[in-house]
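*Asks:* Structure file my_file.tsv, TSV, C-alpha atoms, is pasted below:
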chain	number	residue	atom	x	y	z
A	120	MET	CA	-32.19	135.62	-34.48
A	121	THR	CA	-33.57	137.42	-31.43
A	122	THR	CA	-34.07	135.18	-28.41
A	123	LEU	CA	-36.12	135.44	-25.25
A	124	SER	CA	-32.94	136.39	-23.40
A	125	ASP	CA	-32.46	139.27	-25.83
A	126	LEU	CA	-36.01	140.43	-25.20
A	127	ASN	CA	-35.48	140.21	-21.47
A	128	GLY	CA	-32.34	142.33	-21.85
A	129	ARG	CA	-34.27	144.94	-23.80
A	130	LEU	CA	-36.87	145.06	-21.06
A	131	ASN	CA	-34.11	145.63	-18.51
A	132	LEU	CA	-32.78	148.45	-20.68
A	133	ARG	CA	-36.24	149.97	-20.88
A	134	LEU	CA	-36.67	149.80	-17.13
A	135	ARG	CA	-33.31	151.48	-16.52
A	136	LYS	CA	-34.37	154.34	-18.78
A	137	SER	CA	-37.78	154.70	-17.11
A	138	SER	CA	-38.17	157.55	-14.67
A	139	ALA	CA	-37.71	157.19	-10.93
A	140	ALA	CA	-41.28	158.41	-10.50
A	141	ILE	CA	-42.60	155.39	-12.40
A	142	ALA	CA	-40.54	153.01	-10.29
A	143	SER	CA	-41.74	154.67	-7.08
A	144	LYS	CA	-45.36	154.60	-8.23
A	145	HIS	CA	-45.43	150.82	-8.41
A	146	ALA	CA	-42.90	149.85	-5.73
A	147	ASP	CA	-45.59	149.19	-3.12
A	148	LEU	CA	-47.25	146.66	-5.42
A	149	CYS	CA	-44.23	144.35	-5.46
A	150	ARG	CA	-45.27	142.48	-2.34
A	151	ALA	CA	-43.42	139.43	-1.06
A	152	GLY	CA	-44.57	136.49	-3.16
A	153	ALA	CA	-46.25	138.73	-5.73
A	154	ALA	CA	-43.33	140.72	-7.19
A	155	LEU	CA	-44.21	141.76	-10.69
A	156	PRO	CA	-42.64	139.71	-13.48
A	157	ARG	CA	-40.92	141.32	-16.47
A	158	LEU	CA	-42.39	138.82	-18.95
A	159	ILE	CA	-45.83	137.21	-19.15
A	160	VAL	CA	-46.68	134.36	-21.53
A	161	MET	CA	-50.29	133.80	-22.59
A	162	SER	CA	-51.24	130.24	-23.52
A	163	ASP	CA	-53.36	129.82	-26.64
A	164	SER	CA	-55.21	126.75	-27.91
A	165	GLU	CA	-53.93	127.33	-31.47
A	166	ARG	CA	-50.69	129.28	-31.28
A	167	LEU	CA	-49.39	127.85	-28.00
A	168	PRO	CA	-51.40	124.69	-27.32
A	169	ASP	CA	-48.88	123.20	-24.88
A	170	PRO	CA	-47.17	125.87	-22.76
A	171	VAL	CA	-45.11	123.21	-20.97
A	172	ALA	CA	-43.20	122.71	-24.22
A	173	ILE	CA	-41.57	126.17	-24.02
A	174	ILE	CA	-40.82	126.58	-20.32
A	175	ASP	CA	-37.19	125.47	-20.61
A	176	GLY	CA	-36.53	128.54	-22.75
A	177	LEU	CA	-38.18	131.07	-20.43
A	178	PRO	CA	-36.16	133.36	-18.15
A	179	THR	CA	-36.48	132.79	-14.41
A	180	GLY	CA	-39.35	134.80	-12.98
A	181	THR	CA	-41.51	134.64	-16.08
A	182	THR	CA	-45.24	134.22	-15.44
A	183	ILE	CA	-47.47	132.01	-17.60
A	184	ILE	CA	-51.20	132.67	-17.87
A	185	LEU	CA	-53.14	129.50	-18.64
A	186	ARG	CA	-56.16	130.33	-20.78
A	187	HIS	CA	-57.44	127.26	-22.71
A	188	TYR	CA	-60.96	128.03	-21.49
A	189	SER	CA	-62.61	125.29	-23.55
A	190	GLU	CA	-60.04	122.59	-22.80
A	191	PRO	CA	-62.00	119.55	-21.47
A	192	ASN	CA	-59.03	118.47	-19.35
A	193	ARG	CA	-58.19	121.96	-18.16
A	194	ARG	CA	-57.57	120.90	-14.57
A	195	SER	CA	-55.02	118.25	-15.52
A	196	MET	CA	-53.35	120.71	-17.90
A	197	ALA	CA	-53.17	123.33	-15.14
A	198	ASP	CA	-51.79	120.81	-12.67
A	199	ARG	CA	-49.13	119.61	-15.11
A	200	LEU	CA	-48.09	123.17	-15.92
A	201	VAL	CA	-47.81	124.20	-12.26
A	202	ARG	CA	-45.75	121.11	-11.43
A	203	ALA	CA	-43.42	121.73	-14.37
A	204	CYS	CA	-42.97	125.44	-13.63
A	205	ARG	CA	-42.38	125.29	-9.88
A	206	PRO	CA	-38.79	123.88	-9.92
A	207	ARG	CA	-37.88	126.32	-12.72
A	208	ARG	CA	-39.04	129.31	-10.65
A	209	LEU	CA	-41.77	130.22	-13.10
A	210	ARG	CA	-45.22	131.28	-11.96
A	211	VAL	CA	-48.63	130.22	-13.27
A	212	LEU	CA	-51.86	132.20	-13.24
A	213	VAL	CA	-55.15	130.52	-14.14
A	214	ALA	CA	-57.39	132.70	-16.28
A	215	GLY	CA	-60.95	133.19	-15.08
A	216	ASP	CA	-61.08	130.44	-12.45
A	217	ALA	CA	-59.82	131.19	-8.94
A	218	GLN	CA	-61.15	127.90	-7.58
A	219	LEU	CA	-59.05	125.96	-10.08
A	220	ALA	CA	-56.04	128.11	-9.21
A	221	VAL	CA	-56.39	127.09	-5.57
A	222	ALA	CA	-56.88	123.42	-6.46
A	223	VAL	CA	-53.66	123.15	-8.47
A	224	GLY	CA	-51.56	125.45	-6.31
A	225	ALA	CA	-51.19	128.18	-8.94
A	226	ASN	CA	-49.66	131.56	-8.13
A	227	GLY	CA	-52.73	133.62	-8.91
A	228	VAL	CA	-55.44	134.39	-11.43
A	229	HIS	CA	-55.93	136.44	-14.59
A	230	LEU	CA	-59.28	138.19	-14.99
A	231	PRO	CA	-60.72	138.53	-18.51
A	232	GLU	CA	-62.13	142.01	-19.15
A	233	HIS	CA	-65.72	140.77	-19.43
A	234	LEU	CA	-65.47	139.22	-15.96
A	235	VAL	CA	-64.35	142.50	-14.42
A	236	ALA	CA	-66.92	144.49	-16.41
A	237	ALA	CA	-69.71	142.23	-15.16
A	238	GLY	CA	-68.78	143.11	-11.60
A	239	SER	CA	-68.28	139.49	-10.57
A	240	LEU	CA	-66.31	139.28	-7.32
A	241	ARG	CA	-66.71	135.57	-6.58
A	242	TRP	CA	-63.02	135.03	-7.33
A	243	ARG	CA	-62.05	137.21	-4.37
A	244	ALA	CA	-63.35	134.59	-1.94
A	245	TRP	CA	-60.60	132.27	-3.19
A	246	ARG	CA	-57.81	134.84	-3.34
A	247	ARG	CA	-54.63	134.01	-1.43
A	248	PRO	CA	-52.44	136.69	0.21
A	249	ASP	CA	-49.41	135.87	-1.94
A	250	TRP	CA	-51.29	135.70	-5.25
A	251	LEU	CA	-50.61	137.83	-8.28
A	252	VAL	CA	-53.86	138.99	-9.90
A	253	THR	CA	-53.78	140.45	-13.39
A	254	ALA	CA	-56.66	141.77	-15.50
A	255	ALA	CA	-57.17	142.32	-19.22
A	256	ALA	CA	-57.94	145.86	-20.40
A	257	HIS	CA	-58.52	147.48	-23.77
A	258	SER	CA	-59.31	150.98	-22.54
A	259	HIS	CA	-58.70	153.42	-19.72
A	260	SER	CA	-62.15	152.69	-18.25
A	261	ALA	CA	-61.27	148.97	-18.14
A	262	ILE	CA	-58.08	149.83	-16.24
A	263	VAL	CA	-60.15	151.81	-13.74
A	264	ARG	CA	-62.49	148.86	-13.23
A	265	ALA	CA	-59.53	146.52	-12.70
A	266	HIS	CA	-58.19	148.87	-10.05
A	267	ARG	CA	-61.55	148.91	-8.28
A	268	VAL	CA	-61.58	145.13	-7.94
A	269	SER	CA	-58.04	145.18	-6.50
A	270	ALA	CA	-56.12	143.64	-9.39
A	271	ASP	CA	-52.35	143.93	-9.06
A	272	ALA	CA	-51.65	144.78	-12.71
A	273	VAL	CA	-53.34	145.09	-16.10
A	274	LEU	CA	-52.48	143.71	-19.53
A	275	VAL	CA	-53.39	146.41	-22.04
A	276	SER	CA	-53.95	145.38	-25.65
A	277	PRO	CA	-53.52	145.46	-28.55
A	278	VAL	CA	-50.56	147.83	-28.51
A	279	PHE	CA	-49.47	146.87	-32.03
A	280	PRO	CA	-51.23	144.97	-34.86
A	281	THR	CA	-51.61	141.34	-33.81
A	282	ILE	CA	-52.63	138.04	-35.37
A	283	SER	CA	-54.85	137.19	-32.39
A	284	HIS	CA	-57.11	140.21	-32.96
A	285	SER	CA	-56.45	141.32	-36.51
A	286	GLU	CA	-59.75	143.22	-36.59
A	287	ALA	CA	-58.89	145.41	-33.59
A	288	ALA	CA	-57.33	148.83	-34.11
A	289	PRO	CA	-53.94	148.95	-32.37
A	290	ILE	CA	-53.52	151.40	-29.51
A	291	GLY	CA	-50.07	152.52	-30.66
A	292	PRO	CA	-47.07	153.42	-28.48
A	293	LEU	CA	-48.05	157.06	-27.84
A	294	ARG	CA	-51.58	156.35	-26.64
A	295	PHE	CA	-50.30	153.34	-24.74
A	296	ALA	CA	-47.79	155.55	-22.88
A	297	ALA	CA	-50.61	157.95	-22.01
A	298	MET	CA	-52.65	155.05	-20.61
A	299	CYS	CA	-49.67	153.96	-18.52
A	300	ARG	CA	-49.26	157.45	-17.07
A	301	ALA	CA	-52.95	157.66	-16.17
A	302	SER	CA	-53.12	154.17	-14.68
A	303	HIS	CA	-53.18	153.49	-10.95
A	304	LEU	CA	-52.02	149.94	-11.71
A	305	PRO	CA	-48.81	148.63	-13.27
A	306	VAL	CA	-49.35	148.08	-17.01
A	307	TYR	CA	-48.10	145.33	-19.33
A	308	ALA	CA	-47.98	145.78	-23.09
A	309	LEU	CA	-49.81	143.01	-24.94
A	310	GLY	CA	-50.47	142.50	-28.62
A	311	GLY	CA	-47.92	142.40	-31.42
A	312	VAL	CA	-44.99	143.30	-29.13
A	313	THR	CA	-42.12	141.60	-30.93
A	314	PRO	CA	-38.48	141.87	-29.83
A	315	GLU	CA	-37.98	144.32	-32.69
A	316	LEU	CA	-40.78	146.58	-31.42
A	317	ALA	CA	-39.88	146.42	-27.72
A	318	PHE	CA	-37.66	149.52	-27.96
A	319	ARG	CA	-40.67	151.63	-29.00
A	320	LEU	CA	-42.01	151.14	-25.48
A	321	ILE	CA	-38.94	152.53	-23.72
A	322	GLY	CA	-40.06	155.24	-21.34
A	323	SER	CA	-43.73	154.38	-21.75
A	324	GLY	CA	-44.12	153.48	-18.10
A	325	ALA	CA	-44.96	149.84	-18.78
A	326	VAL	CA	-43.56	147.37	-16.25
A	327	GLY	CA	-43.24	144.53	-18.76
A	328	ILE	CA	-44.42	142.75	-21.86
A	329	ALA	CA	-46.98	139.99	-22.35
A	330	GLY	CA	-47.59	137.92	-25.45
A	331	ILE	CA	-48.12	134.66	-27.28
A	332	GLY	CA	-46.31	134.76	-30.61
A	333	GLY	CA	-43.09	136.19	-29.23
A	334	PHE	CA	-42.69	133.19	-26.95
A	335	SER	CA	-44.02	130.32	-29.04
A	336	SER	CA	-41.11	129.85	-31.46
Step by step, read the file and then write its structure as structure tokens.

*Replies:*
Amino acid sequence: MTTLSDLNGRLNLRLRKSSAAIASKHADLCRAGAALPRLIVMSDSERLPDPVAIIDGLPTGTTIILRHYSEPNRRSMADRLVRACRPRRLRVLVAGDAQLAVAVGANGVHLPEHLVAAGSLRWRAWRRPDWLVTAAAHSHSAIVRAHRVSADAVLVSPVFPTISHSEAAPIGPLRFAAMCRASHLPVYALGGVTPELAFRLIGSGAVGIAGIGGFSS
């Protein structure tokens, strides 16, 4: 059985095989307090309803994005997650709500693609210097928009077929690699990236992997 540690090792292997040009391209984005994680976990109301339950199995440095947009007690959930992650050296980003991120002492925010596309910049008033800001993207134009609003990295999806968006056509590793090369931001692979498929992204230029299913078992 492949574990999270195995996946982390495969990511390390992928990074060692990546070109020096890719590493240099994104080196300036690894600011103090906002160094880019190798792994990102996305919470999900159905597939990962309680992200606190899996944090003991996550490698140090992993970042968790709290979605749960319709959760009535979202603030208490965010607060509990941040408190649980802090001593384990895990980071938490709050999706779509910079004010909540400030209130619970989170490490940054994640911007849904529709928020970036709408041109909303209200979140920037709450941004902290040491925050990590990620953005969702499903196309090259979405990556460009994320760069314009000063996101630190983008989560591009779906790379492979995924349960979360079974109706969406997967990007595929070749097109994904082309998107990475064209991007001015570090890119994470999201969507159907299982430990068994991680090797297909070696040399793509991605800085890491994000997901739900790969972390929830």

*Asks:* Which is closest to Val211 (chain A) among A:Ile290, A:Ala172, A:Val160, A:Ala261, if we use only C-alpha atoms?

*Replies:* A:Val160

*Asks:* Around the point (-48.6, 128.9, -17.8) in the file's coordinates, collect all residues with an atom within 7 Å, using all atoms listed in the file, and return them as a tab-separated table (two decimals) with C-alpha atoms, in the frame of the given file.

*Replies:*
chain	number	residue	atom	x	y	z
A	160	VAL	CA	-46.68	134.36	-21.53
A	162	SER	CA	-51.24	130.24	-23.52
A	170	PRO	CA	-47.17	125.87	-22.76
A	182	THR	CA	-45.24	134.22	-15.44
A	183	ILE	CA	-47.47	132.01	-17.60
A	184	ILE	CA	-51.20	132.67	-17.87
A	185	LEU	CA	-53.14	129.50	-18.64
A	200	LEU	CA	-48.09	123.17	-15.92
A	211	VAL	CA	-48.63	130.22	-13.27
A	212	LEU	CA	-51.86	132.20	-13.24

*Asks:* Rounded to one decimal place, report the CA of Leu158 (chain A)-CA of Ile328 (chain A) distance in Å.

*Replies:*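 These atoms are spaced 5.3 Å apart.
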
*Asks:* Excluding region 215-225 of chain A and its own-chain neighbours fewer than 2 positions away, which residues fall within 8 Å of it when counting all atoms listed in the file? Please give them as a list in words.

*Replies:*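 That gives Arg186, Arg194, Ala197, Asp198, Val201, Arg210, Val211, Leu212, Val213, Gly227, Val228, His229, Leu230, Pro231, Leu234, Trp242, Arg243, Trp245 and Arg246 of chain A.
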
*Asks:* Put those residues in a file: C-alpha atoms, as a compact mmCIF listing (two decimals), keeping the file's coordinate frame.

*Replies:*
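Dumped to out14.txt:
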# COMPACT_ATOMS: atom_id res chain seq x y z
CA ARG A 186 -56.16 130.33 -20.78
CA ARG A 194 -57.57 120.90 -14.57
CA ALA A 197 -53.17 123.33 -15.14
CA ASP A 198 -51.79 120.81 -12.67
CA VAL A 201 -47.81 124.20 -12.26
CA ARG A 210 -45.22 131.28 -11.96
CA VAL A 211 -48.63 130.22 -13.27
CA LEU A 212 -51.86 132.20 -13.24
CA VAL A 213 -55.15 130.52 -14.14
CA GLY A 227 -52.73 133.62 -8.91
CA VAL A 228 -55.44 134.39 -11.43
CA HIS A 229 -55.93 136.44 -14.59
CA LEU A 230 -59.28 138.19 -14.99
CA PRO A 231 -60.72 138.53 -18.51
CA LEU A 234 -65.47 139.22 -15.96
CA TRP A 242 -63.02 135.03 -7.33
CA ARG A 243 -62.05 137.21 -4.37
CA TRP A 245 -60.60 132.27 -3.19
CA ARG A 246 -57.81 134.84 -3.34

*Asks:* One decimal, Å: what's the distance from CA of Gly327 (chain A) over to CA of Ser195 (chain A), could you say?

*Replies:*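 We find that CA of Gly327 (chain A) and CA of Ser195 (chain A) lie 29.0 Å from each other.
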
*Asks:* Extract, using all atoms listed in the file, all DNA, RNA and protein residues at most 8 Å from Val326 (chain A), discarding same-chain residues fewer than 4 positions from it, and format them as a list in words.

*Replies:*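 The residues satisfying every condition are Leu134, Leu155, Arg157, Pro305, Val306 and Tyr307 of chain A.
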
*Asks:* Show which residues sit within 6 Å of Val278 (chain A), as a PyMOL selection string. Count only C-alpha atoms, and ignore same-chain residues fewer than 6 positions away.

*Replies:* chain A and resi 289-291+310

*Asks:* I want to know what sits within 10 Å of Leu316 (chain A), based on all atoms listed in the file, with residues of the same chain fewer than 4 positions away left out; could you give that as number ranges by chain?

*Replies:* A: 126, 279, 292, 311-312, 320-321

*Asks:* Can you write just those residues out, C-alpha atoms, as an mmCIF file, in the frame of the given file?

*Replies:*
data_model
loop_
_atom_site.group_PDB
_atom_site.id
_atom_site.type_symbol
_atom_site.label_atom_id
_atom_site.label_comp_id
_atom_site.auth_asym_id
_atom_site.auth_seq_id
_atom_site.Cartn_x
_atom_site.Cartn_y
_atom_site.Cartn_z
ATOM 1 C CA LEU A 126 -36.010 140.430 -25.200
ATOM 2 C CA PHE A 279 -49.470 146.870 -32.030
ATOM 3 C CA PRO A 292 -47.070 153.420 -28.480
ATOM 4 C CA GLY A 311 -47.920 142.400 -31.420
ATOM 5 C CA VAL A 312 -44.990 143.300 -29.130
ATOM 6 C CA LEU A 320 -42.010 151.140 -25.480
ATOM 7 C CA ILE A 321 -38.940 152.530 -23.720
#

*Asks:* When distances are computed from all atoms listed in the file, which of A:Ala288, A:Leu309, A:Leu293, A:Ala154 shows the smallest separation from Val273 (chain A)?

*Replies:* A:Leu309

*Asks:* Separation of CA of Ala254 (chain A) and CA of Leu274 (chain A), in Å?

*Replies:*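 Separating CA of Ala254 (chain A) from CA of Leu274 (chain A) is a distance of 6.1 Å.
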